Structures are given as C-alpha cells and as structure tokens.
Amino acid sequence: MTDELGTTGGSDIDLATRAEALESLLVERGLADTKTIETFIRTYETSVGPMNGAKVVAKAWTDPEYKARLLEDGTAAIGELGFKGPQGEHMVVLENTPAVHHVVVCTLCSCYPWPVLGLPPSWYKDPAYRARVVREPRAVLAEWGTEVPDDVEVRVYDSSSEVRYLVLPERPAGTESLSEDDLAALVTRDAMVGVRKVEAL
Amino acid sequence: MDGVQDMGGDPARYGPLKPLDLDEPAFKQPWEGHAFAVTLLANRAATSSNVHAFRHALERVPEEVYLADYYGRWMASADLLLQESGLLAPGAVEARARRLRGEDVEEPPDPEPNKPTMETAGGGNLRAVDAPPAFAVGDRVRSGAEASRGHTKLPAYARGKVGTISALRPAQVLPDSAAHFLGENPEHVYSVAFDGRELWGPDSEPFSLTIDLFESYLEKT
C-alpha cells in the first residue's frame, strides 16, 4: 500500500537499507552529517541511560535533603547531577511508598524521560503495554511478577504533555549498609518506570 | 485524531507483554541508531524540530508500518515530513534504497523546498501564560467529548470524563495547534486524576489514572 505521499507500507525494502538510503540522501543535501549522527548514537549508547536515573534514586535514598528537593522540583534536583536535555524539559518525580505504587506510560506515543532513563525499551513502546496499563494496571504488573497488594493504591500516569515522570522506587529492606554507588547498582529502569520493585541482591 | 497511535485501553492492541530485559541495549541493531539520529536530523531540517509535527506525522503513517516497527515508523515519519517540506520527492527514499541494493532505478528530482514555518517564543515547549489558570487543585473538571480531526493529546479513553485537578504543570505550547504550524498558542496544563471506574465502568480494577491535559480540553463541572 502507498498513500498519496508515497510513504510505503508493504515495501520489500528492509529497514536497515531504508535507514542507509535516508541517511545518504540527507548527507548529500547537507541536511545531516555523519559526525553528528555518530555523536547522537554514541550519546544514547554510552552516556544517557538508566544509570543516570539510578544515581538520582540512590542519592535520594541516602540524602533526605536531596530527596526533598527532588520531590519539590525534579528538574532542578536532577539537573544538580548534570542530567538534562531533550525529553527532560520538566521532570516530576513520583515517590512509591508502602501505600502508593506509581507506574508510567505514554499511550499516544512513547514519551520517556531520556536524560535519566535513556531511550525507551521495547516493552515500553509495545502496543500491549500502552493499551493495557491504563485499563488493567494490576494485571499488567502481575504478569511481570510485580505483586501489588489490594490495600496499596495504584496510580497510573499517562505522559501526555511535555512533563516527564520518574518513579522513585522504595528502597529495599536489608540495604542499610550499602553505599550510594552500591545502591545505584540495584536500581533498574523497570523500577524507575514503576513496573518492578527494586530488590536487594 | 483517532488512529492507531491512540492505544490506551484499546482491546485491539491487547496481547502478552514483552519481556522485561534489563540488558536490552539502546539500539538492538546498528541501523536503529542511524534511524534514530537521521530522523531527528530530518525533523530538524523539515520542521525546525517541531516535536508536535513529528508526532502528528507518526499518526499519519500507514497503520501496518506504524505497528511493524518503532524505528520503521520513525523513518516513515521522517520521509513524510521531508516530502511535505519539499526537501525530498515522493519515492526518493525507496529509489535510493533500490539503488543501494544494486537495482538500476532512476531517482526522482528534488521538488521545490516548501518548509512550513511558525513563529516561536523560544526553545522547548514551556511558556509563560499571562492569564491566570482557570482551574485549581481539587477542582472537578470534565474533558471534551469530541474527537479532534487533527493532532491532540487528549486520548479517546479520557474524552468526556470527570476527574479532579491534582497538580498545575508549567504552561506549554499547545500541540493541537503547533503540530499544524498554526502557532504555539500556549495554555496552562493540569494533571487530572480519574478514577478507574469513571474511565472503564464499575467493574474496573481499583486504581487512578492521571493524565496531563491542556486547559482548552477541560471545563469545570
């Protein structure tokens, strides 16, 4: 099928070749350059990812004043650690507690807080997650093995504006003696979206 | 607009969840990284990085392309925006790809550039709005019931529903307007909390759904 603008569906061109074609056309016209392309790729492969959010969480767990600032003004507190940039224009941090469990989705696209979590993983972009988590969040969490007791309130956030949400997971029991770095190593992107809890090793 | 992108609560999109894979890399294959970077640069060239126009382009790619692959739909959107800006001809990407495969096909000549423009009050999407916010935390509000024919951030599942303002967010460029290059028209934005039963009926799981909605989507009840 081809629509009136020639954006083809059903083409037999594989996506890797399509990417190469698009890139070569743009580079030839001076609309893209290979150095910038490589920089974008390297940035999201190496320096922008969930390890950034994990540092934010570990610091919040160990520094009550930082945690207070983080919950008051997420953008500024996350910026203190040097994390800012596209898709992080206004950050709000949602604290999970023994009484409240937050989980984040973007049903209309796949908006995600890039500066703290990097680019979204497959499951977050997948239609099943986008469709189901706003309708049956407890079933979704249970399917991934995350048990939320009936007396815990579940709050789903659909990221429909430029606000981006980061979940501050509960610090697991038995981690009192761990350093901030050791704690950061426990924090997963799944927990910072709210689909899993953080577990002590 | 109604379309494949509006998936919230849509049983047609139900299915097993993908596994949580903590080792999943940013780009599972090298071409994905190139598709990501090139699409961002294409959108810079075609729309001056109008994120709303990009999301509206995603809504307009053929449904089977949208559903087939995430970066596949990114590239289809880039192609669409480049064509609409007169930077690439229809079929140019397809022809180049065939040439890369060794086929002897002619490439179409470039069209006349016709890049859409829009006055902008600065970078990003946060804006100051002089008028005071129409709603306050705790107010009960009803969302608009009508489907939009253009781009919107009011999903179908949240239309015509009553919720409670839970937070005021920074005022922002209105996507419904900016996606069509009709101006930034910034508005106040509110987090609105809806009870699951308001959205899905009395048999809903117990939970609340909070979504950020623009002031013009809402009216006081």
# chains A, B, ... in the order shown; residues from 1 in each chain; ligands from 1

call {"tool": "residues_around", "arguments": {"residues": "Glu176 in chain A", "least_positions_apart": "6", "cutoff": "12 Å", "atoms": "only C-alpha atoms", "output": "ChimeraX atom specification"}}
result
/A:58,61-62,182-183,200

call {"tool": "write_last_selection", "arguments": {"atoms": "N, CA and C atoms", "output": "compact mmCIF listing (two decimals), in the first residue's frame"}}
result
# COMPACT_ATOMS: atom_id res chain seq x y z
N ALA A 58 19.52 6.61 44.06
CA ALA A 58 20.41 6.25 45.18
C ALA A 58 20.71 7.47 46.05
N TRP A 61 17.78 8.16 48.22
CA TRP A 61 17.67 7.18 49.32
C TRP A 61 18.63 7.49 50.46
N THR A 62 19.74 8.16 50.15
CA THR A 62 20.77 8.34 51.18
C THR A 62 20.87 9.77 51.67
N ASP A 182 26.71 1.40 45.56
CA ASP A 182 26.17 0.03 45.60
C ASP A 182 24.65 0.05 45.43
N LEU A 183 24.02 1.06 46.03
CA LEU A 183 22.57 1.17 45.89
C LEU A 183 22.19 1.46 44.44
N ALA A 200 16.88 -6.19 46.80
CA ALA A 200 18.24 -6.33 47.32
C ALA A 200 18.83 -7.60 46.72

call {"tool": "interface_residues", "arguments": {"of": "chain A", "to": "chain B", "cutoff": "7 Å", "atoms": "only C-alpha atoms", "output": "number ranges by chain"}}
result
A: 5-7, 9, 13, 15-19, 21-23, 31-32, 37, 40-41, 44-45, 107-109, 119, 121, 123, 127-132, 134-136, 153-161

call {"tool": "write_last_selection", "arguments": {"atoms": "C-alpha atoms", "output": "mmCIF file, in the first residue's frame"}}
result
data_model
loop_
_atom_site.group_PDB
_atom_site.id
_atom_site.type_symbol
_atom_site.label_atom_id
_atom_site.label_comp_id
_atom_site.auth_asym_id
_atom_site.auth_seq_id
_atom_site.Cartn_x
_atom_site.Cartn_y
_atom_site.Cartn_z
ATOM 1 C CA LEU A 5 2.733 10.941 -0.287
ATOM 2 C CA GLY A 6 4.425 7.712 -1.211
ATOM 3 C CA THR A 7 5.128 6.607 2.356
ATOM 4 C CA GLY A 9 3.776 0.134 3.501
ATOM 5 C CA ILE A 13 12.973 -2.846 1.334
ATOM 6 C CA LEU A 15 14.658 -1.273 7.387
ATOM 7 C CA ALA A 16 18.458 -1.313 7.513
ATOM 8 C CA THR A 17 18.633 -0.440 3.800
ATOM 9 C CA ARG A 18 15.917 2.166 4.262
ATOM 10 C CA ALA A 19 17.979 3.790 7.045
ATOM 11 C CA ALA A 21 19.067 5.344 1.956
ATOM 12 C CA LEU A 22 17.551 8.083 4.109
ATOM 13 C CA GLU A 23 20.930 8.898 5.627
ATOM 14 C CA LEU A 31 20.835 18.224 5.905
ATOM 15 C CA ALA A 32 22.762 15.741 8.056
ATOM 16 C CA ILE A 37 24.864 11.130 13.501
ATOM 17 C CA PHE A 40 23.821 11.121 18.643
ATOM 18 C CA ILE A 41 24.240 7.339 18.507
ATOM 19 C CA TYR A 44 22.498 7.285 23.802
ATOM 20 C CA GLU A 45 24.629 4.152 23.710
ATOM 21 C CA THR A 107 -0.382 5.819 25.423
ATOM 22 C CA LEU A 108 -0.248 8.206 22.438
ATOM 23 C CA CYS A 109 3.412 7.773 21.508
ATOM 24 C CA LEU A 119 15.742 5.661 25.126
ATOM 25 C CA PRO A 121 12.972 -0.261 25.871
ATOM 26 C CA TRP A 123 8.251 -3.355 26.195
ATOM 27 C CA PRO A 127 1.162 -1.710 21.919
ATOM 28 C CA ALA A 128 0.207 -4.266 24.577
ATOM 29 C CA TYR A 129 1.762 -2.174 27.358
ATOM 30 C CA ARG A 130 0.394 1.126 26.030
ATOM 31 C CA ALA A 131 -3.107 -0.322 25.641
ATOM 32 C CA ARG A 132 -3.366 -2.367 28.817
ATOM 33 C CA VAL A 134 -4.217 2.344 31.622
ATOM 34 C CA ARG A 135 -7.037 -0.200 31.841
ATOM 35 C CA GLU A 136 -5.765 -3.089 33.935
ATOM 36 C CA GLU A 153 -3.179 2.336 45.853
ATOM 37 C CA VAL A 154 -2.158 2.083 42.179
ATOM 38 C CA ARG A 155 -1.675 5.352 40.306
ATOM 39 C CA VAL A 156 -1.006 5.222 36.573
ATOM 40 C CA TYR A 157 0.470 8.323 34.894
ATOM 41 C CA ASP A 158 -0.066 8.818 31.158
ATOM 42 C CA SER A 159 2.690 11.203 29.931
ATOM 43 C CA SER A 160 0.556 13.228 27.570
ATOM 44 C CA SER A 161 2.288 16.625 27.830
#

call {"tool": "atom_distance", "arguments": {"atom1": "CA of Gly30 in chain A", "atom2": "CA of His180 in chain B"}}
result
25.7 Å

call {"tool": "atom_distance", "arguments": {"atom1": "CA of Ala178 in chain B", "atom2": "CA of Lys115 in chain B"}}
result
14.5 Å

call {"tool": "atom_distance", "arguments": {"atom1": "CA of Val116 in chain A", "atom2": "CA of Pro169 in chain A"}}
result
14.1 Å

call {"tool": "residues_around", "arguments": {"residues": "range 97-101 of chain A", "least_positions_apart": "5", "cutoff": "12 Å", "atoms": "only C-alpha atoms", "output": "number ranges by chain"}}
result
A: 137-138, 141, 146-157, 167-172, 191-197; B: 207-209

call {"tool": "select_by_dssp", "arguments": {"residues": "range 2-204 of chain B", "states": "helix (DSSP H, G or I)", "output": "PyMOL selection string"}}
result
chain B and resi 11-13+30-47+51-60+63-68+70-84+92-100+156-158+175-178+196-200

call {"tool": "residues_around", "arguments": {"residues": "range 144-150 of chain B", "least_positions_apart": "5", "cutoff": "7 Å", "atoms": "only C-alpha atoms", "output": "ChimeraX atom specification"}}
result
/B:1-2,159-160,176,217-218

call {"tool": "select_by_dssp", "arguments": {"residues": "range 7-179 of chain B", "states": "strand (DSSP E)", "output": "ChimeraX atom specification"}}
result
/B:140-143,162-172
